[in-house]
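Asks: Sharing coords_28.pdb, PDB, C-alpha atoms:
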ATOM      1  CA  MET A  12       0.842 -20.085  23.557
ATOM      2  CA  PRO A  13      -1.312 -17.959  25.891
ATOM      3  CA  GLY A  14      -2.524 -14.652  24.566
ATOM      4  CA  TYR A  15      -0.805 -11.340  25.167
ATOM      5  CA  ASP A  16      -2.015  -8.487  27.333
ATOM      6  CA  ALA A  17      -1.285  -5.994  24.582
ATOM      7  CA  ILE A  18       0.173  -5.680  21.110
ATOM      8  CA  LEU A  19       2.365  -2.610  20.574
ATOM      9  CA  ILE A  20       2.972  -1.079  17.162
ATOM     10  CA  PRO A  21       5.741   1.518  16.744
ATOM     11  CA  GLY A  22       4.905   4.408  14.455
ATOM     12  CA  GLY A  23       6.185   4.332  10.912
ATOM     13  CA  GLY A  24       5.151   7.683   9.506
ATOM     14  CA  VAL A  25       1.965   9.332   8.315
ATOM     15  CA  ARG A  26       1.215  11.156   5.087
ATOM     16  CA  GLU A  27      -1.278  13.754   3.864
ATOM     17  CA  LYS A  28      -4.884  13.236   4.996
ATOM     18  CA  GLY A  29      -3.722  10.626   7.497
ATOM     19  CA  GLU A  30      -2.655   8.041   4.924
ATOM     20  CA  LEU A  31      -0.220   5.479   6.298
ATOM     21  CA  PRO A  32       2.778   4.166   4.372
ATOM     22  CA  LEU A  33       2.776   0.559   3.236
ATOM     23  CA  TRP A  34       5.135  -0.682   5.956
ATOM     24  CA  THR A  35       2.990   0.842   8.704
ATOM     25  CA  GLN A  36      -0.165  -0.679   7.256
ATOM     26  CA  ARG A  37       1.598  -4.035   7.201
ATOM     27  CA  ARG A  38       2.429  -3.772  10.915
ATOM     28  CA  LEU A  39      -1.185  -2.942  11.740
ATOM     29  CA  ASP A  40      -2.567  -5.703   9.526
ATOM     30  CA  GLN A  41      -0.310  -8.210  11.263
ATOM     31  CA  ALA A  42      -1.559  -7.075  14.659
ATOM     32  CA  LEU A  43      -5.143  -7.577  13.501
ATOM     33  CA  LYS A  44      -4.246 -11.009  12.195
ATOM     34  CA  LEU A  45      -2.503 -12.137  15.394
ATOM     35  CA  ARG A  46      -4.691 -10.637  18.112
ATOM     36  CA  ARG A  47      -7.274 -12.541  20.083
ATOM     37  CA  ASP A  48      -8.767 -10.123  22.593
ATOM     38  CA  GLU A  49      -5.657  -8.095  23.441
ATOM     39  CA  TYR A  50      -5.435  -4.345  23.591
ATOM     40  CA  VAL A  51      -3.597  -2.830  20.665
ATOM     41  CA  ILE A  52      -1.375   0.132  21.538
ATOM     42  CA  THR A  53      -0.395   2.403  18.667
ATOM     43  CA  LEU A  54       2.744   4.411  19.317
ATOM     44  CA  SER A  55       4.186   7.792  18.334
ATOM     45  CA  ALA A  56       3.132  11.392  17.962
ATOM     46  CA  GLY A  57       5.270  11.766  14.864
ATOM     47  CA  THR A  58       8.885  12.073  13.833
ATOM     48  CA  ILE A  59      11.511  14.790  14.146
ATOM     49  CA  HIS A  60      12.535  14.179  10.548
ATOM     50  CA  ARG A  61       9.516  15.748   8.855
ATOM     51  CA  PRO A  62       6.685  18.068   9.938
ATOM     52  CA  PRO A  63       3.312  16.432  10.552
ATOM     53  CA  PRO A  64       0.571  16.681   7.942
ATOM     54  CA  LEU A  65      -2.413  18.788   8.929
ATOM     55  CA  ASP A  66      -6.070  17.881   8.834
ATOM     56  CA  ASP A  67      -8.757  20.019   7.184
ATOM     57  CA  ALA A  68      -9.069  22.129  10.324
ATOM     58  CA  GLY A  69      -5.316  22.797  10.455
ATOM     59  CA  PHE A  70      -4.510  20.486  13.355
ATOM     60  CA  PRO A  71      -1.535  18.062  13.189
ATOM     61  CA  ILE A  72      -2.306  14.441  12.357
ATOM     62  CA  LEU A  73      -0.535  12.259  14.911
ATOM     63  CA  GLU A  74       0.873   8.913  13.782
ATOM     64  CA  SER A  75      -0.686   6.856  16.555
ATOM     65  CA  ILE A  76      -4.106   8.446  16.023
ATOM     66  CA  ALA A  77      -3.974   7.748  12.287
ATOM     67  CA  ALA A  78      -2.967   4.154  13.070
ATOM     68  CA  ALA A  79      -5.807   3.808  15.572
ATOM     69  CA  HIS A  80      -8.306   5.005  12.966
ATOM     70  CA  TYR A  81      -6.894   2.435  10.538
ATOM     71  CA  LEU A  82      -7.541  -0.353  13.048
ATOM     72  CA  ILE A  83     -11.014   0.847  13.978
ATOM     73  CA  THR A  84     -12.164   1.168  10.369
ATOM     74  CA  ARG A  85     -11.170  -2.494   9.954
ATOM     75  CA  GLY A  86     -13.384  -3.652  12.760
ATOM     76  CA  LEU A  87     -11.341  -3.340  15.942
ATOM     77  CA  ASP A  88     -13.392  -2.224  18.933
ATOM     78  CA  PRO A  89     -12.311   1.350  19.817
ATOM     79  CA  LYS A  90     -12.333   0.347  23.493
ATOM     80  CA  LYS A  91      -9.502  -2.105  22.742
ATOM     81  CA  VAL A  92      -7.284   0.556  21.141
ATOM     82  CA  LEU A  93      -4.904   2.654  23.231
ATOM     83  CA  THR A  94      -2.805   5.457  21.769
ATOM     84  CA  GLU A  95       0.526   6.890  22.873
ATOM     85  CA  THR A  96       0.996  10.468  21.638
ATOM     86  CA  SER A  97       4.225  11.686  23.248
ATOM     87  CA  SER A  98       7.078   9.917  21.448
ATOM     88  CA  TYR A  99       9.058  10.953  18.380
ATOM     89  CA  ASP A 100      11.460   8.025  18.048
ATOM     90  CA  THR A 101      11.884   4.352  18.965
ATOM     91  CA  ILE A 102      13.346   5.111  22.395
ATOM     92  CA  GLY A 103      10.374   7.322  23.128
ATOM     93  CA  ASN A 104       8.051   4.581  21.848
ATOM     94  CA  ALA A 105       9.440   2.219  24.470
ATOM     95  CA  TYR A 106       9.560   4.679  27.381
ATOM     96  CA  PHE A 107       6.188   6.328  26.921
ATOM     97  CA  SER A 108       4.403   3.057  26.173
ATOM     98  CA  ARG A 109       5.725   1.726  29.458
ATOM     99  CA  VAL A 110       4.898   4.697  31.686
ATOM    100  CA  VAL A 111       1.624   5.741  30.011
ATOM    101  CA  HIS A 112      -0.060   2.371  29.449
ATOM    102  CA  VAL A 113       1.863  -0.769  30.383
ATOM    103  CA  ALA A 114       2.791   0.072  33.980
ATOM    104  CA  PRO A 115      -0.561   1.593  35.024
ATOM    105  CA  ARG A 116      -2.512  -1.317  33.545
ATOM    106  CA  ARG A 117      -0.004  -3.903  34.786
ATOM    107  CA  PHE A 118       0.295  -5.507  31.386
ATOM    108  CA  HIS A 119       2.692  -8.425  31.575
ATOM    109  CA  ARG A 120       2.939 -10.173  28.198
ATOM    110  CA  LEU A 121       3.602  -7.808  25.295
ATOM    111  CA  LEU A 122       3.991  -8.388  21.581
ATOM    112  CA  ILE A 123       5.801  -5.681  19.607
ATOM    113  CA  VAL A 124       5.167  -5.710  15.855
ATOM    114  CA  THR A 125       7.402  -3.751  13.501
ATOM    115  CA  SER A 126       9.126  -3.890  10.133
ATOM    116  CA  GLU A 127      12.118  -6.084   9.372
ATOM    117  CA  PHE A 128      14.318  -3.009   8.771
ATOM    118  CA  HIS A 129      13.351  -1.671  12.199
ATOM    119  CA  MET A 130      13.414  -4.868  14.249
ATOM    120  CA  ALA A 131      17.002  -5.103  15.533
ATOM    121  CA  ARG A 132      16.975  -1.637  17.060
ATOM    122  CA  THR A 133      13.401  -1.988  18.294
ATOM    123  CA  GLU A 134      14.126  -5.201  20.170
ATOM    124  CA  SER A 135      17.327  -3.796  21.663
ATOM    125  CA  VAL A 136      15.633  -0.596  22.825
ATOM    126  CA  PHE A 137      12.459  -2.193  24.198
ATOM    127  CA  ARG A 138      14.338  -4.874  26.120
ATOM    128  CA  TRP A 139      16.532  -2.160  27.624
ATOM    129  CA  VAL A 140      13.752   0.233  28.628
ATOM    130  CA  TYR A 141      11.463  -2.496  29.940
ATOM    131  CA  SER A 142      14.239  -4.023  32.079
ATOM    132  CA  LEU A 143      14.925  -0.890  34.118
ATOM    133  CA  ASP A 144      14.000  -1.174  37.816
ATOM    134  CA  VAL A 145      12.059  -4.413  37.425
ATOM    135  CA  PRO A 146      12.939  -7.973  38.461
ATOM    136  CA  PRO A 147      13.811 -10.317  35.577
ATOM    137  CA  GLY A 148      10.685 -11.795  34.025
ATOM    138  CA  SER A 149       8.346  -9.119  35.333
ATOM    139  CA  CYS A 150       7.430  -8.167  31.798
ATOM    140  CA  GLU A 151       7.624 -10.674  28.962
ATOM    141  CA  LEU A 152       8.418  -9.180  25.575
ATOM    142  CA  TYR A 153       7.850 -10.930  22.254
ATOM    143  CA  PHE A 154       8.598  -9.597  18.800
ATOM    144  CA  GLU A 155       7.068 -10.123  15.367
ATOM    145  CA  GLN A 156       8.536  -8.615  12.211
ATOM    146  CA  VAL A 157       6.774  -7.917   8.938
ATOM    147  CA  SER A 158       8.249  -7.841   5.455
ATOM    148  CA  ASP A 159       9.968  -4.829   3.878
ATOM    149  CA  GLU A 160       8.569  -5.837   0.485
ATOM    150  CA  GLY A 161       7.471  -2.898  -1.641
ATOM    151  CA  ILE A 162      10.029  -0.389  -0.341
ATOM    152  CA  ASP A 163      12.358   0.944  -3.013
ATOM    153  CA  ASP A 164      15.678  -0.942  -2.834
ATOM    154  CA  GLN A 165      17.870   2.148  -2.538
ATOM    155  CA  VAL A 166      15.578   3.745   0.035
ATOM    156  CA  LEU A 167      15.515   0.526   2.042
ATOM    157  CA  MET A 168      19.309   0.245   1.950
ATOM    158  CA  ALA A 169      19.641   3.818   3.200
ATOM    159  CA  ARG A 170      17.234   3.125   6.065
ATOM    160  CA  LYS A 171      18.996  -0.104   7.055
ATOM    161  CA  GLU A 172      22.310   1.743   7.172
ATOM    162  CA  LYS A 173      20.765   4.422   9.365
ATOM    163  CA  GLU A 174      19.228   1.799  11.652
ATOM    164  CA  GLN A 175      22.579   0.066  12.099
ATOM    165  CA  ALA A 176      24.350   3.341  12.838
ATOM    166  CA  ALA A 177      21.690   4.299  15.380
ATOM    167  CA  LEU A 178      21.897   0.920  17.093
ATOM    168  CA  GLU A 179      25.674   1.192  17.407
ATOM    169  CA  ARG A 180      25.316   4.730  18.761
ATOM    170  CA  TRP A 181      22.824   3.762  21.476
ATOM    171  CA  LEU A 182      24.506   0.599  22.764
ATOM    172  CA  PRO A 183      27.165   2.438  24.838
ATOM    173  CA  ILE A 184      24.401   4.541  26.383
ATOM    174  CA  GLN A 185      22.468   1.425  27.354
ATOM    175  CA  GLU A 186      25.555   0.075  29.096
ATOM    176  CA  ARG A 187      25.728   3.041  31.468
ATOM    177  CA  ILE A 188      22.025   3.443  32.286
ATOM    178  CA  HIS A 189      20.565   0.855  34.652
ATOM    179  CA  THR A 190      17.641   2.553  36.433
ATOM    180  CA  LEU A 191      14.525   4.372  35.343
ATOM    181  CA  GLU A 192      15.746   7.477  37.190
ATOM    182  CA  GLN A 193      18.992   7.455  35.200
ATOM    183  CA  PHE A 194      17.047   6.900  32.013
ATOM    184  CA  HIS A 195      14.691   9.822  32.705
ATOM    185  CA  GLU A 196      17.614  12.109  33.494
ATOM    186  CA  TRP A 197      19.342  11.122  30.251
ATOM    187  CA  LEU A 198      16.201  11.254  28.080
ATOM    188  CA  PHE A 199      15.227  14.772  29.065
ATOM    189  CA  GLY A 200      18.735  16.048  29.738
ATOM    190  CA  GLU A 201      20.815  14.655  26.854
ATOM    191  CA  HIS A 202      18.656  12.994  24.196
ATOM    192  CA  ALA A 203      18.380  15.500  21.364
ATOM    193  CA  VAL A 204      14.723  14.715  20.659
ATOM    194  CA  TYR A 205      13.464  15.471  24.185
ATOM    195  CA  SER A 206      16.111  17.695  25.808
ATOM    196  CA  MET A 207      15.898  21.471  25.677
ATOM    197  CA  SER A 208      19.689  21.770  25.843
ATOM    198  CA  THR A 209      20.464  20.339  22.410
ATOM    199  CA  HIS A 210      19.096  20.132  18.888
ATOM    200  CA  PRO A 211      18.037  16.969  17.057
ATOM    201  CA  PHE A 212      19.661  15.745  13.885
ATOM    202  CA  ARG A 213      17.148  15.511  11.045
ATOM    203  CA  ALA A 214      17.502  12.924   8.311
ATOM    204  CA  THR A 215      17.860  14.019   4.703
ATOM    205  CA  GLY A 216      18.032  12.284   1.362
ATOM    206  CA  GLN A 217      16.399   9.005   0.392
ATOM    207  CA  VAL A 218      16.082   7.698   3.936
ATOM    208  CA  LEU A 219      13.568  10.453   4.634
ATOM    209  CA  ASP A 220      11.062   8.540   2.521
ATOM    210  CA  THR A 221      10.825   5.907   5.261
ATOM    211  CA  TYR A 222       9.571   8.356   7.888
TER     212      TYR A 222
END
Re-express the file's structure as structure tokens.
Replies:
Amino acid sequence: MPGYDAILIPGGGVREKGELPLWTQRRLDQALKLRRDEYVITLSAGTIHRPPPLDDAGFPILESIAAAHYLITRGLDPKKVLTETSSYDTIGNAYFSRVVHVAPRRFHRLLIVTSEFHMARTESVFRWVYSLDVPPGSCELYFEQVSDEGIDDQVLMARKEKEQAALERWLPIQERIHTLEQFHEWLFGEHAVYSMSTHPFRATGQVLDTY
């Protein structure tokens, strides 16, 4: 199998002092294990479900920056790490990764690495966003999932239920959006995370521990 142009890693949360939760570390470790000479693109500014931790100077710690530091401290050349710092959810991960890095650099073969609990929605969203306004086969997407081992059973069940509900909620939207122009209009006009005309729903309870 030829190598990829880039490996993309969706954000999975960040804790105090830039510590990454176990499932995020596992995604990053898998990318390090699989890569040859590809770029690694870390995704996400943060999440709408909890405020970002602050560094010692009072600035927010962004998920993708914390993930990039994790990779670099484990030997990855900083010049091979790209960060995406605009997204706050999986749909944003896909859109901003495409317009900020993948399209300008003309990356063609992409590997997306995420957790098992996150994979079904991730694959659905990325295949949708990366298919808009491009001929079939223009961008090849591959997916690699890592284990959910170590996550509390009840917390994991709550997150899986939320993932399934979110996937079912987005599928009808995917069916009516077929161009990048339509997607942009919807993202910034209707999507609660990015639109100024609505307010996002914030998770509560046990599922919050997975953000």
Asks: Just how far from atom CA of A:Glu196 is atom CA of A:Tyr99, in Å to one decimal?
Replies: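 Interatomic distance here is 17.4 Å.
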Asks: Using only C-alpha atoms, which residues sit within 12 Å of stretch 67-70 of chain A once same-chain residues fewer than 6 positions away are excluded, as a ChimeraX atom specification?
Replies: /A:27-29
Asks: Could you state the separation of atom CA of A:Ser142 and atom CA of A:Gln36 in Å, given to one decimal place?
Replies: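 Distance between the two atoms: 28.9 Å.
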Asks: From the set A:Ala169, A:Tyr222, A:Asp164, A:Trp139, which residue has the shortest atom-to-atom contact distance to A:Leu182, counting only C-alpha atoms?
Replies: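 Distance minimum relative to A:Leu182 lands on A:Trp139.
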Asks: I'd like the contact shell of stretch 13-26 of chain A - 7 Å cut-off, all atoms listed in the file, skipping same-chain residues fewer than 2 positions apart - returned as a tab-separated table (two decimals) with C-alpha atoms, in the coordinates of the input.
Replies:
chain	number	residue	atom	x	y	z
A	28	LYS	CA	-4.88	13.24	5.00
A	29	GLY	CA	-3.72	10.63	7.50
A	30	GLU	CA	-2.66	8.04	4.92
A	31	LEU	CA	-0.22	5.48	6.30
A	32	PRO	CA	2.78	4.17	4.37
A	35	THR	CA	2.99	0.84	8.70
A	38	ARG	CA	2.43	-3.77	10.92
A	42	ALA	CA	-1.56	-7.08	14.66
A	47	ARG	CA	-7.27	-12.54	20.08
A	49	GLU	CA	-5.66	-8.10	23.44
A	50	TYR	CA	-5.44	-4.34	23.59
A	51	VAL	CA	-3.60	-2.83	20.66
A	52	ILE	CA	-1.38	0.13	21.54
A	53	THR	CA	-0.40	2.40	18.67
A	54	LEU	CA	2.74	4.41	19.32
A	55	SER	CA	4.19	7.79	18.33
A	57	GLY	CA	5.27	11.77	14.86
A	64	PRO	CA	0.57	16.68	7.94
A	74	GLU	CA	0.87	8.91	13.78
A	75	SER	CA	-0.69	6.86	16.56
A	104	ASN	CA	8.05	4.58	21.85
A	118	PHE	CA	0.30	-5.51	31.39
A	119	HIS	CA	2.69	-8.43	31.58
A	120	ARG	CA	2.94	-10.17	28.20
A	121	LEU	CA	3.60	-7.81	25.30
A	122	LEU	CA	3.99	-8.39	21.58
A	123	ILE	CA	5.80	-5.68	19.61
A	124	VAL	CA	5.17	-5.71	15.86
A	125	THR	CA	7.40	-3.75	13.50
A	222	TYR	CA	9.57	8.36	7.89
Asks: Tell me which of A:Arg85, A:Arg109, A:Arg46, A:Arg170 sits closest to A:Gly216, counting only C-alpha atoms.
Replies: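 Going through A:Arg85, A:Arg109, A:Arg46, A:Arg170 one by one, the smallest distance to A:Gly216 is for A:Arg170.
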Asks: Could you check the closest approach to A:Ser98 for each of A:Ile162, A:Ile59, A:Ala177, A:Met168 and tell me which residue wins, using all atoms listed in the file?
Replies: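 Comparing A:Ile162, A:Ile59, A:Ala177, A:Met168 against A:Ser98, the winner is A:Ile59.
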Asks: Taking all atoms listed in the file into account, which of A:Leu152, A:Val136, A:Leu219, A:Ala131 comes nearest A:Trp181?
Replies: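 Looking at the shortest contact to A:Trp181, the residue is A:Val136.
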Asks: Assuming 8 Å of padding per side, give the centre and edge lengths of the axis-aligned box around every listed atom of stretch 118-127 of chain A, in Å to one decimal and as AutoDock Vina command-line options.
Replies:
--center_x 6.2 --center_y -7.0 --center_z 20.5 --size_x 27.8 --size_y 22.4 --size_z 38.2
Asks: Could N, CA and C atoms be built for stretch 34-69 of chain A and written out as an mmCIF file, in the frame of the given file?
Replies:
data_model
loop_
_atom_site.group_PDB
_atom_site.id
_atom_site.type_symbol
_atom_site.label_atom_id
_atom_site.label_comp_id
_atom_site.auth_asym_id
_atom_site.auth_seq_id
_atom_site.Cartn_x
_atom_site.Cartn_y
_atom_site.Cartn_z
ATOM 1 N N TRP A 34 4.530 0.096 4.881
ATOM 2 C CA TRP A 34 5.135 -0.682 5.956
ATOM 3 C C TRP A 34 4.377 -0.515 7.268
ATOM 4 N N THR A 35 3.791 0.658 7.500
ATOM 5 C CA THR A 35 2.990 0.842 8.704
ATOM 6 C C THR A 35 1.692 0.058 8.608
ATOM 7 N N GLN A 36 1.046 0.109 7.455
ATOM 8 C CA GLN A 36 -0.165 -0.679 7.256
ATOM 9 C C GLN A 36 0.115 -2.161 7.504
ATOM 10 N N ARG A 37 1.259 -2.623 7.052
ATOM 11 C CA ARG A 37 1.598 -4.035 7.201
ATOM 12 C C ARG A 37 1.742 -4.412 8.682
ATOM 13 N N ARG A 38 2.321 -3.529 9.471
ATOM 14 C CA ARG A 38 2.429 -3.772 10.915
ATOM 15 C C ARG A 38 1.036 -3.883 11.544
ATOM 16 N N LEU A 39 0.162 -2.963 11.175
ATOM 17 C CA LEU A 39 -1.185 -2.942 11.740
ATOM 18 C C LEU A 39 -1.989 -4.159 11.290
ATOM 19 N N ASP A 40 -1.861 -4.521 10.036
ATOM 20 C CA ASP A 40 -2.567 -5.703 9.526
ATOM 21 C C ASP A 40 -2.109 -6.963 10.256
ATOM 22 N N GLN A 41 -0.824 -7.040 10.549
ATOM 23 C CA GLN A 41 -0.310 -8.210 11.263
ATOM 24 C C GLN A 41 -0.866 -8.262 12.684
ATOM 25 N N ALA A 42 -0.976 -7.115 13.320
ATOM 26 C CA ALA A 42 -1.559 -7.075 14.659
ATOM 27 C C ALA A 42 -3.008 -7.562 14.622
ATOM 28 N N LEU A 43 -3.756 -7.124 13.638
ATOM 29 C CA LEU A 43 -5.143 -7.577 13.501
ATOM 30 C C LEU A 43 -5.208 -9.081 13.261
ATOM 31 N N LYS A 44 -4.272 -9.582 12.502
ATOM 32 C CA LYS A 44 -4.246 -11.009 12.195
ATOM 33 C C LYS A 44 -3.911 -11.844 13.429
ATOM 34 N N LEU A 45 -3.000 -11.359 14.273
ATOM 35 C CA LEU A 45 -2.503 -12.137 15.394
ATOM 36 C C LEU A 45 -3.341 -12.011 16.658
ATOM 37 N N ARG A 46 -4.039 -10.898 16.828
ATOM 38 C CA ARG A 46 -4.691 -10.637 18.112
ATOM 39 C C ARG A 46 -5.856 -11.583 18.353
ATOM 40 N N ARG A 47 -6.086 -11.813 19.642
ATOM 41 C CA ARG A 47 -7.274 -12.541 20.083
ATOM 42 C C ARG A 47 -8.223 -11.512 20.696
ATOM 43 N N ASP A 48 -7.962 -11.171 21.964
ATOM 44 C CA ASP A 48 -8.767 -10.123 22.593
ATOM 45 C C ASP A 48 -7.875 -9.079 23.252
ATOM 46 N N GLU A 49 -6.611 -9.016 22.811
ATOM 47 C CA GLU A 49 -5.657 -8.095 23.441
ATOM 48 C C GLU A 49 -5.982 -6.635 23.109
ATOM 49 N N TYR A 50 -5.485 -5.757 23.953
ATOM 50 C CA TYR A 50 -5.435 -4.345 23.591
ATOM 51 C C TYR A 50 -4.383 -4.178 22.498
ATOM 52 N N VAL A 51 -4.610 -3.216 21.636
ATOM 53 C CA VAL A 51 -3.597 -2.830 20.665
ATOM 54 C C VAL A 51 -3.188 -1.403 20.994
ATOM 55 N N ILE A 52 -1.891 -1.197 21.179
ATOM 56 C CA ILE A 52 -1.375 0.132 21.538
ATOM 57 C C ILE A 52 -0.598 0.683 20.356
ATOM 58 N N THR A 53 -1.105 1.740 19.762
ATOM 59 C CA THR A 53 -0.395 2.403 18.667
ATOM 60 C C THR A 53 0.498 3.486 19.254
ATOM 61 N N LEU A 54 1.712 3.571 18.713
ATOM 62 C CA LEU A 54 2.744 4.411 19.317
ATOM 63 C C LEU A 54 3.162 5.545 18.400
ATOM 64 N N SER A 55 3.521 6.672 19.004
ATOM 65 C CA SER A 55 4.186 7.792 18.334
ATOM 66 C C SER A 55 3.268 8.968 18.021
ATOM 67 N N ALA A 56 3.775 10.148 18.380
ATOM 68 C CA ALA A 56 3.132 11.392 17.962
ATOM 69 C C ALA A 56 3.520 11.711 16.531
ATOM 70 N N GLY A 57 4.767 11.445 16.195
ATOM 71 C CA GLY A 57 5.270 11.766 14.864
ATOM 72 C C GLY A 57 6.744 11.486 14.804
ATOM 73 N N THR A 58 7.447 12.229 13.982
ATOM 74 C CA THR A 58 8.885 12.073 13.833
ATOM 75 C C THR A 58 9.536 13.452 13.792
ATOM 76 N N ILE A 59 10.785 13.518 14.224
ATOM 77 C CA ILE A 59 11.511 14.790 14.146
ATOM 78 C C ILE A 59 12.012 15.054 12.736
ATOM 79 N N HIS A 60 11.906 14.062 11.864
ATOM 80 C CA HIS A 60 12.535 14.179 10.548
ATOM 81 C C HIS A 60 11.667 14.875 9.509
ATOM 82 N N ARG A 61 10.388 15.018 9.775
ATOM 83 C CA ARG A 61 9.516 15.748 8.855
ATOM 84 C C ARG A 61 8.341 16.328 9.645
ATOM 85 N N PRO A 62 7.824 17.485 9.228
ATOM 86 C CA PRO A 62 6.685 18.068 9.938
ATOM 87 C C PRO A 62 5.441 17.219 9.732
ATOM 88 N N PRO A 63 4.511 17.253 10.687
ATOM 89 C CA PRO A 63 3.312 16.432 10.552
ATOM 90 C C PRO A 63 2.366 17.018 9.511
ATOM 91 N N PRO A 64 1.632 16.159 8.811
ATOM 92 C CA PRO A 64 0.571 16.681 7.942
ATOM 93 C C PRO A 64 -0.539 17.272 8.796
ATOM 94 N N LEU A 65 -1.318 18.145 8.209
ATOM 95 C CA LEU A 65 -2.413 18.788 8.929
ATOM 96 C C LEU A 65 -3.751 18.304 8.399
ATOM 97 N N ASP A 66 -4.736 18.254 9.285
ATOM 98 C CA ASP A 66 -6.070 17.881 8.834
ATOM 99 C C ASP A 66 -6.785 19.093 8.254
ATOM 100 N N ASP A 67 -8.030 18.942 7.856
ATOM 101 C CA ASP A 67 -8.757 20.019 7.184
ATOM 102 C C ASP A 67 -8.969 21.226 8.080
ATOM 103 N N ALA A 68 -8.900 21.023 9.382
ATOM 104 C CA ALA A 68 -9.069 22.129 10.324
ATOM 105 C C ALA A 68 -7.735 22.757 10.720
ATOM 106 N N GLY A 69 -6.627 22.230 10.173
ATOM 107 C CA GLY A 69 -5.316 22.797 10.455
ATOM 108 C C GLY A 69 -4.605 22.199 11.645
#
